[in-house]
Amino acid sequence: MKRVFLIVLDSLGIGAMADSADYGDIGVNTLRSVSQSEKFKINNLKKLGLFNIDGVDYLEGAEKPLAAYCRLSELSRGKDTTIGHWEIAGIVSEKPLPTYPDGFPPEIIDEFSKKVGRGVICNKPYSGTEVIKDYGEEHLKSGDLIVYTSADSVFQIAAHEDTVPLEDLYEYCRIARRMLSGKHGVGRVIARPFVGEPGSFVRTSNRHDFSIEPPKKTMLDLLSEKGLDTIAVGKIFDIFVGKGISEHTYTSGNTDGMAKTLEYAKRDFSGLCFVNLVDFDMLYGHRNNIDGYAEALSEFDRWLSDFLPLLRKDDVLIITADHGCDPGYTQSTDHSREHVPLLIFGGCIKPADLGTREGFCTIGKTICDYFSANAEIAGESILSEVVE
């Protein structure tokens, strides 16, 4: 019985790619920024080989790393959650998903407003916490929806839970999702509910993502077609619109996601457990909170002490990321175009320095290879280089 645990540390980039300046990212390095915090203590990740990866020359590596490790560059045009995860699963996106630095055009906003029967306020790129601070009171008085975007391909709708019931907000998102296709096919429509009073509004954990459907088969489809379990933890189910996923559970944050992953490790299944831990990105990267990011990464590292002993002989643990979000990059609070780490550990895996490889899709191809699945996806498998 083979099991693979693929854990995405959402936004843990490890340094700028050669083309990062094309994306407005100069000198970005999420891991380097986080490592400067006093709260940064990740001995398990160090032992696995995180600090031995190409480019991580500002931290002392392990003398004998326990995992196979390398640095991955992104082949897709983009630096967002959807494109990053799609590439991990075997889809290289040659064109970036549409973004709206000046807000959405009137024809979209007017049609959306007409369909949902409510007005729209804001309609510009904004921080999620700042937008409810600046527009929340107006929303409460008018009932108009706060629509905003970011540097990513997202159409976000914020609404107070007492003014717009959750199910109504989710239905408004479904309406927007059906509208936003073709040239306006944004990666995600996101419900951003909040509560509280003016001056103290707080976003809730009832966020929900409505993603665009992957344009091709992914690693998940191929594993599912082979009859293997494909378990999604966190926002993985939403990112892939449920395609190729046999079981899923949502999470309220990193701590909950790690707890649920630990429970899956105690279960018998054959296949993939695909996990996203979102707090690194959502709570800390986007808010330039270096200490918070470091503390969350240290929590994950401590969790590994409980998780690693649960791995069985044929189990494989893969740790990676989907993009960067450098909390020390003061010019922006958006995602950053960065290399990501790849750590592969297990009883059948031999430690190895694999250098720098092209394509996050290396991961999906290798996982399909491990399960002898028909790998009709992008990428080059490195299984032969890491299996004993």
# chains A, B, ... in the order shown; residues from 1 in each chain; ligands from 1
$ closest_atom_pairs --of "segment 27-69 of chain A" --to "segment 340-363 of chain A" --cutoff "10 Å" --atoms "only C-alpha atoms" --output "CSV"
residue,atom,partner,partner_atom,distance
A:Thr30,CA,A:Val340,CA,9.7
A:Leu31,CA,A:Val340,CA,9.7
A:Leu45,CA,A:Leu343,CA,8.8
A:Leu48,CA,A:Leu343,CA,7.1
A:Gly49,CA,A:Leu343,CA,7.2
A:Leu50,CA,A:Leu343,CA,7.1
A:Phe51,CA,A:Pro341,CA,9.7
A:Asn52,CA,A:Asp353,CA,8.0
A:Ile53,CA,A:Gly355,CA,7.1
A:Asp54,CA,A:Gly355,CA,6.1
A:Gly55,CA,A:Thr356,CA,9.3
A:Val56,CA,A:Pro341,CA,9.9
A:Lys64,CA,A:Pro351,CA,8.3
A:Pro65,CA,A:Pro351,CA,6.4
A:Leu66,CA,A:Pro351,CA,5.5
A:Ala67,CA,A:Pro351,CA,4.5
A:Ala68,CA,A:Pro351,CA,4.3
A:Tyr69,CA,A:Leu343,CA,4.6
$ write_last_selection --atoms "all heavy atoms" --output "CSV table (one decimal), in the first residue's frame"
chain,number,residue,atom,x,y,z
A,30,THR,N,11.4,34.9,0.0
A,30,THR,CA,10.5,34.7,1.2
A,30,THR,C,11.2,34.0,2.3
A,30,THR,O,11.2,34.5,3.4
A,30,THR,CB,9.3,33.9,0.7
A,30,THR,OG1,8.5,34.6,-0.3
A,30,THR,CG2,8.3,33.7,1.9
A,31,LEU,N,11.9,32.9,2.0
A,31,LEU,CA,12.6,32.2,3.1
A,31,LEU,C,13.6,33.0,3.8
A,31,LEU,O,13.8,33.0,5.0
A,31,LEU,CB,13.2,30.9,2.5
A,31,LEU,CG,14.0,30.0,3.6
A,31,LEU,CD1,13.0,29.6,4.7
A,31,LEU,CD2,14.6,28.8,2.9
A,45,LEU,N,13.1,20.7,9.2
A,45,LEU,CA,13.3,21.1,7.8
A,45,LEU,C,14.7,21.2,7.4
A,45,LEU,O,15.2,20.8,6.3
A,45,LEU,CB,12.5,22.4,7.5
A,45,LEU,CG,11.0,22.2,7.4
A,45,LEU,CD1,10.3,23.6,7.4
A,45,LEU,CD2,10.5,21.4,6.2
A,48,LEU,N,16.1,17.7,6.9
A,48,LEU,CA,15.6,17.1,5.7
A,48,LEU,C,16.4,17.7,4.5
A,48,LEU,O,16.6,17.0,3.5
A,48,LEU,CB,14.1,17.4,5.4
A,48,LEU,CG,13.1,16.7,6.3
A,48,LEU,CD1,11.7,17.2,6.1
A,48,LEU,CD2,13.2,15.2,6.1
A,49,GLY,N,16.9,18.9,4.6
A,49,GLY,CA,17.8,19.4,3.6
A,49,GLY,C,17.4,20.8,3.0
A,49,GLY,O,17.9,21.2,2.0
A,50,LEU,N,16.4,21.5,3.6
A,50,LEU,CA,15.9,22.7,3.1
A,50,LEU,C,17.0,23.7,2.9
A,50,LEU,O,17.1,24.4,1.9
A,50,LEU,CB,14.8,23.3,4.0
A,50,LEU,CG,14.2,24.6,3.6
A,50,LEU,CD1,13.5,24.5,2.3
A,50,LEU,CD2,13.2,25.2,4.7
A,51,PHE,N,17.9,23.8,3.9
A,51,PHE,CA,19.0,24.8,3.8
A,51,PHE,C,20.2,24.4,2.8
A,51,PHE,O,21.1,25.2,2.6
A,51,PHE,CB,19.6,25.1,5.2
A,51,PHE,CG,18.6,25.5,6.2
A,51,PHE,CD1,19.0,25.6,7.6
A,51,PHE,CD2,17.3,25.9,5.9
A,51,PHE,CE1,18.1,26.0,8.5
A,51,PHE,CE2,16.4,26.4,6.8
A,51,PHE,CZ,16.8,26.4,8.2
A,52,ASN,N,20.1,23.2,2.3
A,52,ASN,CA,21.1,22.7,1.4
A,52,ASN,C,20.7,23.0,-0.1
A,52,ASN,O,21.5,22.7,-1.0
A,52,ASN,CB,21.4,21.2,1.6
A,52,ASN,CG,21.9,20.8,2.9
A,52,ASN,OD1,21.2,20.8,3.9
A,52,ASN,ND2,23.2,20.6,3.0
A,53,ILE,N,19.5,23.4,-0.3
A,53,ILE,CA,19.0,23.7,-1.6
A,53,ILE,C,19.8,24.8,-2.3
A,53,ILE,O,20.2,25.8,-1.7
A,53,ILE,CB,17.5,24.0,-1.6
A,53,ILE,CG1,16.7,22.7,-1.1
A,53,ILE,CG2,17.0,24.4,-3.0
A,53,ILE,CD1,15.3,22.9,-1.0
A,54,ASP,N,19.9,24.7,-3.6
A,54,ASP,CA,20.6,25.8,-4.4
A,54,ASP,C,20.1,27.1,-4.0
A,54,ASP,O,18.8,27.3,-4.0
A,54,ASP,CB,20.3,25.5,-5.9
A,54,ASP,CG,21.2,24.5,-6.5
A,54,ASP,OD1,22.1,23.9,-5.8
A,54,ASP,OD2,21.1,24.2,-7.7
A,55,GLY,N,21.0,28.1,-3.8
A,55,GLY,CA,20.6,29.4,-3.5
A,55,GLY,C,20.3,29.8,-2.0
A,55,GLY,O,20.3,30.9,-1.7
A,56,VAL,N,20.2,28.7,-1.2
A,56,VAL,CA,19.9,29.0,0.2
A,56,VAL,C,21.3,29.0,0.9
A,56,VAL,O,21.6,28.2,1.8
A,56,VAL,CB,19.0,27.9,0.8
A,56,VAL,CG1,18.6,28.3,2.3
A,56,VAL,CG2,17.7,27.8,0.0
A,64,LYS,N,24.4,15.9,6.7
A,64,LYS,CA,23.9,14.8,6.0
A,64,LYS,C,22.4,14.9,5.9
A,64,LYS,O,21.7,14.3,6.7
A,64,LYS,CB,24.3,13.5,6.7
A,64,LYS,CG,25.8,13.2,6.7
A,64,LYS,CD,26.1,11.8,7.3
A,64,LYS,CE,27.6,11.5,7.3
A,64,LYS,NZ,27.9,10.2,7.9
A,65,PRO,N,21.9,15.6,4.9
A,65,PRO,CA,20.4,15.7,4.7
A,65,PRO,C,19.7,14.4,4.6
A,65,PRO,O,20.3,13.4,4.0
A,65,PRO,CB,20.3,16.5,3.4
A,65,PRO,CG,21.6,17.2,3.3
A,65,PRO,CD,22.7,16.3,3.8
A,66,LEU,N,18.5,14.3,5.1
A,66,LEU,CA,17.8,13.1,5.1
A,66,LEU,C,16.9,12.9,3.9
A,66,LEU,O,16.5,11.8,3.6
A,66,LEU,CB,16.9,13.0,6.4
A,66,LEU,CG,17.6,13.1,7.7
A,66,LEU,CD1,16.6,13.2,8.9
A,66,LEU,CD2,18.5,12.0,7.9
A,67,ALA,N,16.7,14.0,3.1
A,67,ALA,CA,15.8,13.9,2.0
A,67,ALA,C,16.5,14.1,0.7
A,67,ALA,O,17.7,14.6,0.7
A,67,ALA,CB,14.7,14.9,2.2
A,68,ALA,N,15.8,13.8,-0.4
A,68,ALA,CA,16.3,14.3,-1.7
A,68,ALA,C,15.7,15.7,-1.8
A,68,ALA,O,14.6,16.0,-1.4
A,68,ALA,CB,15.7,13.4,-2.8
A,69,TYR,N,16.5,16.6,-2.4
A,69,TYR,CA,16.1,18.0,-2.4
A,69,TYR,C,16.6,18.7,-3.6
A,69,TYR,O,17.6,18.4,-4.3
A,69,TYR,CB,16.7,18.7,-1.1
A,69,TYR,CG,18.2,18.7,-1.0
A,69,TYR,CD1,19.0,19.6,-1.6
A,69,TYR,CD2,18.8,17.6,-0.3
A,69,TYR,CE1,20.4,19.5,-1.5
A,69,TYR,CE2,20.2,17.5,-0.2
A,69,TYR,CZ,21.0,18.5,-0.8
A,69,TYR,OH,22.4,18.4,-0.7
$ residues_around --residues "segment 377-383 of chain A" --least-positions-apart "6" --cutoff "7 Å" --atoms "only C-alpha atoms" --output "list in words"
Gly90, Ile91, Val92, Thr218, Gly359, Cys361, Thr362, Lys365, Thr366, Asp369 and Tyr370 of chain A
$ write_last_selection --atoms "N, CA, C and O atoms" --output "JSON list (two decimals), in the first residue's frame"
[["chain", "number", "residue", "atom", "x", "y", "z"],
["A", 90, "GLY", "N", 0.77, 19.19, -13.11],
["A", 90, "GLY", "CA", 1.08, 18.78, -14.47],
["A", 90, "GLY", "C", 0.59, 19.64, -15.60],
["A", 90, "GLY", "O", 0.67, 19.24, -16.76],
["A", 91, "ILE", "N", 0.09, 20.85, -15.31],
["A", 91, "ILE", "CA", -0.36, 21.75, -16.37],
["A", 91, "ILE", "C", 0.54, 22.98, -16.39],
["A", 91, "ILE", "O", 0.64, 23.71, -15.40],
["A", 92, "VAL", "N", 1.19, 23.23, -17.52],
["A", 92, "VAL", "CA", 1.99, 24.44, -17.69],
["A", 92, "VAL", "C", 1.14, 25.47, -18.43],
["A", 92, "VAL", "O", 0.63, 25.20, -19.52],
["A", 218, "THR", "N", -5.10, 16.50, -14.96],
["A", 218, "THR", "CA", -4.01, 16.71, -14.02],
["A", 218, "THR", "C", -3.59, 15.38, -13.40],
["A", 218, "THR", "O", -4.23, 14.34, -13.63],
["A", 359, "GLY", "N", 10.38, 23.45, -13.77],
["A", 359, "GLY", "CA", 9.00, 23.01, -13.74],
["A", 359, "GLY", "C", 8.52, 22.45, -12.42],
["A", 359, "GLY", "O", 9.03, 21.43, -11.96],
["A", 361, "CYS", "N", 5.98, 21.01, -12.36],
["A", 361, "CYS", "CA", 5.36, 19.78, -12.85],
["A", 361, "CYS", "C", 6.25, 18.57, -12.66],
["A", 361, "CYS", "O", 5.80, 17.42, -12.83],
["A", 362, "THR", "N", 7.51, 18.77, -12.29],
["A", 362, "THR", "CA", 8.38, 17.67, -11.87],
["A", 362, "THR", "C", 7.68, 16.84, -10.79],
["A", 362, "THR", "O", 7.81, 15.61, -10.75],
["A", 365, "LYS", "N", 4.62, 14.68, -12.22],
["A", 365, "LYS", "CA", 5.14, 13.60, -13.06],
["A", 365, "LYS", "C", 5.79, 12.51, -12.21],
["A", 365, "LYS", "O", 5.61, 11.31, -12.46],
["A", 366, "THR", "N", 6.52, 12.92, -11.17],
["A", 366, "THR", "CA", 7.19, 11.95, -10.29],
["A", 366, "THR", "C", 6.19, 11.14, -9.49],
["A", 366, "THR", "O", 6.35, 9.92, -9.31],
["A", 369, "ASP", "N", 4.59, 8.63, -11.70],
["A", 369, "ASP", "CA", 5.58, 7.57, -11.94],
["A", 369, "ASP", "C", 5.63, 6.61, -10.76],
["A", 369, "ASP", "O", 5.71, 5.38, -10.92],
["A", 370, "TYR", "N", 5.57, 7.16, -9.55],
["A", 370, "TYR", "CA", 5.64, 6.33, -8.34],
["A", 370, "TYR", "C", 4.47, 5.35, -8.28],
["A", 370, "TYR", "O", 4.61, 4.21, -7.83]]
$ residues_around --residues "Ser150 of chain A" --least-positions-apart "6" --cutoff "10 Å" --atoms "only C-alpha atoms" --output "list of chain:residue names"
A:Thr99, A:Tyr100, A:Pro101, A:Asp102, A:Gly103, A:Lys124, A:Pro125, A:Tyr126, A:Ser127, A:Gly128, A:Gln156, A:Thr333, A:Asp334, A:His335
$ residues_around --residues "Glu38 of chain A" --least-positions-apart "5" --cutoff "12 Å" --atoms "only C-alpha atoms" --output "MDAnalysis selection string"
chainID A and resid 33 290:295 298
$ select_by_dssp --residues "segment 304-344 of chain A" --states "helix (DSSP H, G or I)" --output "ChimeraX atom specification"
/A:304-310
$ closest_atom_pairs --of "segment 73-140 of chain A" --to "segment 12-22 of chain A" --cutoff "12 Å" --atoms "only C-alpha atoms" --output "Markdown table"
| residue | atom | partner | partner_atom | distance |
| --- | --- | --- | --- | --- |
| A:Ser73 | CA | A:Met17 | CA | 6.9 |
| A:Glu74 | CA | A:Met17 | CA | 8.2 |
| A:Leu75 | CA | A:Met17 | CA | 10.6 |
| A:Ser76 | CA | A:Asp19 | CA | 11.6 |
| A:Arg77 | CA | A:Asp19 | CA | 10.1 |
| A:Gly78 | CA | A:Ser20 | CA | 10.2 |
| A:Lys79 | CA | A:Ser20 | CA | 9.5 |
| A:Asp80 | CA | A:Gly13 | CA | 11.9 |
| A:Thr81 | CA | A:Leu12 | CA | 11.8 |
| A:Gly84 | CA | A:Gly13 | CA | 11.4 |
$ write_last_selection --atoms "N, CA, C and O atoms" --output "CSV table (one decimal), in the first residue's frame"
chain,number,residue,atom,x,y,z
A,73,SER,N,12.1,25.8,-10.6
A,73,SER,CA,11.7,27.0,-11.3
A,73,SER,C,10.3,26.8,-11.9
A,73,SER,O,10.0,25.7,-12.3
A,74,GLU,N,9.6,27.9,-12.1
A,74,GLU,CA,8.2,27.8,-12.6
A,74,GLU,C,8.3,28.0,-14.1
A,74,GLU,O,8.9,29.0,-14.6
A,75,LEU,N,7.6,27.2,-14.9
A,75,LEU,CA,7.5,27.3,-16.3
A,75,LEU,C,6.4,28.1,-16.8
A,75,LEU,O,6.4,28.8,-17.8
A,76,SER,N,5.3,28.1,-16.0
A,76,SER,CA,4.1,28.9,-16.3
A,76,SER,C,4.3,30.4,-16.2
A,76,SER,O,5.2,30.8,-15.5
A,77,ARG,N,3.5,31.1,-17.0
A,77,ARG,CA,3.5,32.5,-16.9
A,77,ARG,C,2.5,33.0,-15.8
A,77,ARG,O,1.3,33.0,-16.0
A,78,GLY,N,3.1,33.2,-14.6
A,78,GLY,CA,2.2,33.6,-13.5
A,78,GLY,C,2.9,33.5,-12.2
A,78,GLY,O,4.0,32.9,-12.1
A,79,LYS,N,2.3,33.9,-11.1
A,79,LYS,CA,2.8,33.7,-9.8
A,79,LYS,C,1.7,33.6,-8.8
A,79,LYS,O,1.7,34.2,-7.7
A,80,ASP,N,0.6,33.0,-9.2
A,80,ASP,CA,-0.6,32.9,-8.3
A,80,ASP,C,-0.9,31.5,-7.9
A,80,ASP,O,-0.3,30.5,-8.4
A,81,THR,N,-1.8,31.3,-7.0
A,81,THR,CA,-2.2,30.0,-6.4
A,81,THR,C,-2.6,29.0,-7.5
A,81,THR,O,-2.2,27.9,-7.5
A,84,GLY,N,0.2,28.0,-9.9
A,84,GLY,CA,1.2,27.3,-9.2
A,84,GLY,C,0.8,25.9,-8.9
A,84,GLY,O,1.5,24.9,-9.2
$ decode --residues "segment 46-126 of chain A" --atoms "C-alpha atoms" --output "PDB file, in the first residue's frame"
ATOM      1  CA  LYS A  46      16.964  21.751   8.146  1.00  0.00           C
ATOM      2  CA  LYS A  47      17.641  18.039   8.745  1.00  0.00           C
ATOM      3  CA  LEU A  48      15.611  17.140   5.667  1.00  0.00           C
ATOM      4  CA  GLY A  49      17.786  19.441   3.557  1.00  0.00           C
ATOM      5  CA  LEU A  50      15.903  22.720   3.100  1.00  0.00           C
ATOM      6  CA  PHE A  51      19.013  24.799   3.794  1.00  0.00           C
ATOM      7  CA  ASN A  52      21.114  22.690   1.386  1.00  0.00           C
ATOM      8  CA  ILE A  53      19.023  23.660  -1.640  1.00  0.00           C
ATOM      9  CA  ASP A  54      20.595  25.754  -4.399  1.00  0.00           C
ATOM     10  CA  GLY A  55      20.558  29.441  -3.498  1.00  0.00           C
ATOM     11  CA  VAL A  56      19.909  28.993   0.218  1.00  0.00           C
ATOM     12  CA  ASP A  57      23.453  30.058   1.018  1.00  0.00           C
ATOM     13  CA  TYR A  58      22.451  32.387   3.852  1.00  0.00           C
ATOM     14  CA  LEU A  59      21.644  29.456   6.177  1.00  0.00           C
ATOM     15  CA  GLU A  60      23.874  26.623   7.364  1.00  0.00           C
ATOM     16  CA  GLY A  61      22.882  23.367   5.709  1.00  0.00           C
ATOM     17  CA  ALA A  62      22.681  19.910   7.272  1.00  0.00           C
ATOM     18  CA  GLU A  63      25.853  17.812   7.169  1.00  0.00           C
ATOM     19  CA  LYS A  64      23.917  14.760   5.980  1.00  0.00           C
ATOM     20  CA  PRO A  65      20.442  15.730   4.704  1.00  0.00           C
ATOM     21  CA  LEU A  66      17.779  13.068   5.135  1.00  0.00           C
ATOM     22  CA  ALA A  67      15.784  13.880   2.003  1.00  0.00           C
ATOM     23  CA  ALA A  68      16.286  14.306  -1.693  1.00  0.00           C
ATOM     24  CA  TYR A  69      16.119  18.032  -2.379  1.00  0.00           C
ATOM     25  CA  CYS A  70      16.193  20.588  -5.147  1.00  0.00           C
ATOM     26  CA  ARG A  71      15.061  24.018  -6.277  1.00  0.00           C
ATOM     27  CA  LEU A  72      12.226  24.241  -8.796  1.00  0.00           C
ATOM     28  CA  SER A  73      11.664  27.045 -11.283  1.00  0.00           C
ATOM     29  CA  GLU A  74       8.213  27.817 -12.643  1.00  0.00           C
ATOM     30  CA  LEU A  75       7.544  27.272 -16.338  1.00  0.00           C
ATOM     31  CA  SER A  76       4.090  28.859 -16.334  1.00  0.00           C
ATOM     32  CA  ARG A  77       3.469  32.542 -16.886  1.00  0.00           C
ATOM     33  CA  GLY A  78       2.204  33.645 -13.520  1.00  0.00           C
ATOM     34  CA  LYS A  79       2.813  33.729  -9.802  1.00  0.00           C
ATOM     35  CA  ASP A  80      -0.552  32.881  -8.302  1.00  0.00           C
ATOM     36  CA  THR A  81      -2.158  30.032  -6.403  1.00  0.00           C
ATOM     37  CA  THR A  82      -4.131  28.575  -9.293  1.00  0.00           C
ATOM     38  CA  ILE A  83      -1.309  28.510 -11.842  1.00  0.00           C
ATOM     39  CA  GLY A  84       1.188  27.283  -9.219  1.00  0.00           C
ATOM     40  CA  HIS A  85      -0.971  24.359  -8.135  1.00  0.00           C
ATOM     41  CA  TRP A  86      -1.931  23.510 -11.706  1.00  0.00           C
ATOM     42  CA  GLU A  87       1.731  23.303 -12.602  1.00  0.00           C
ATOM     43  CA  ILE A  88       2.460  21.106  -9.573  1.00  0.00           C
ATOM     44  CA  ALA A  89      -0.249  18.795 -10.915  1.00  0.00           C
ATOM     45  CA  GLY A  90       1.078  18.775 -14.466  1.00  0.00           C
ATOM     46  CA  ILE A  91      -0.360  21.755 -16.367  1.00  0.00           C
ATOM     47  CA  VAL A  92       1.990  24.438 -17.691  1.00  0.00           C
ATOM     48  CA  SER A  93       0.119  27.689 -18.383  1.00  0.00           C
ATOM     49  CA  GLU A  94       1.662  29.496 -21.331  1.00  0.00           C
ATOM     50  CA  LYS A  95      -0.519  32.561 -20.832  1.00  0.00           C
ATOM     51  CA  PRO A  96      -1.122  34.290 -17.504  1.00  0.00           C
ATOM     52  CA  LEU A  97      -4.662  34.456 -16.198  1.00  0.00           C
ATOM     53  CA  PRO A  98      -6.200  37.940 -16.586  1.00  0.00           C
ATOM     54  CA  THR A  99      -5.565  40.580 -13.944  1.00  0.00           C
ATOM     55  CA  TYR A 100      -7.226  43.947 -13.400  1.00  0.00           C
ATOM     56  CA  PRO A 101      -4.865  46.611 -12.035  1.00  0.00           C
ATOM     57  CA  ASP A 102      -7.474  49.304 -12.782  1.00  0.00           C
ATOM     58  CA  GLY A 103     -10.455  47.328 -11.529  1.00  0.00           C
ATOM     59  CA  PHE A 104     -12.986  45.372 -13.576  1.00  0.00           C
ATOM     60  CA  PRO A 105     -14.493  47.025 -16.666  1.00  0.00           C
ATOM     61  CA  PRO A 106     -17.993  48.553 -16.395  1.00  0.00           C
ATOM     62  CA  GLU A 107     -19.602  45.849 -18.508  1.00  0.00           C
ATOM     63  CA  ILE A 108     -18.601  43.205 -15.944  1.00  0.00           C
ATOM     64  CA  ILE A 109     -19.539  45.226 -12.872  1.00  0.00           C
ATOM     65  CA  ASP A 110     -22.838  46.438 -14.339  1.00  0.00           C
ATOM     66  CA  GLU A 111     -23.900  42.934 -15.404  1.00  0.00           C
ATOM     67  CA  PHE A 112     -22.879  41.466 -12.045  1.00  0.00           C
ATOM     68  CA  SER A 113     -24.757  44.152 -10.126  1.00  0.00           C
ATOM     69  CA  LYS A 114     -27.867  43.574 -12.226  1.00  0.00           C
ATOM     70  CA  LYS A 115     -27.756  39.804 -11.774  1.00  0.00           C
ATOM     71  CA  VAL A 116     -27.336  39.904  -7.970  1.00  0.00           C
ATOM     72  CA  GLY A 117     -29.652  42.859  -7.352  1.00  0.00           C
ATOM     73  CA  ARG A 118     -27.113  44.814  -5.297  1.00  0.00           C
ATOM     74  CA  GLY A 119     -24.798  47.721  -5.918  1.00  0.00           C
ATOM     75  CA  VAL A 120     -21.026  47.406  -6.057  1.00  0.00           C
ATOM     76  CA  ILE A 121     -18.450  49.549  -4.254  1.00  0.00           C
ATOM     77  CA  CYS A 122     -14.624  49.752  -4.432  1.00  0.00           C
ATOM     78  CA  ASN A 123     -13.759  47.790  -7.624  1.00  0.00           C
ATOM     79  CA  LYS A 124     -10.003  48.249  -7.456  1.00  0.00           C
ATOM     80  CA  PRO A 125      -6.949  46.326  -6.247  1.00  0.00           C
ATOM     81  CA  TYR A 126      -6.906  46.330  -2.462  1.00  0.00           C
TER      82      TYR A 126
END
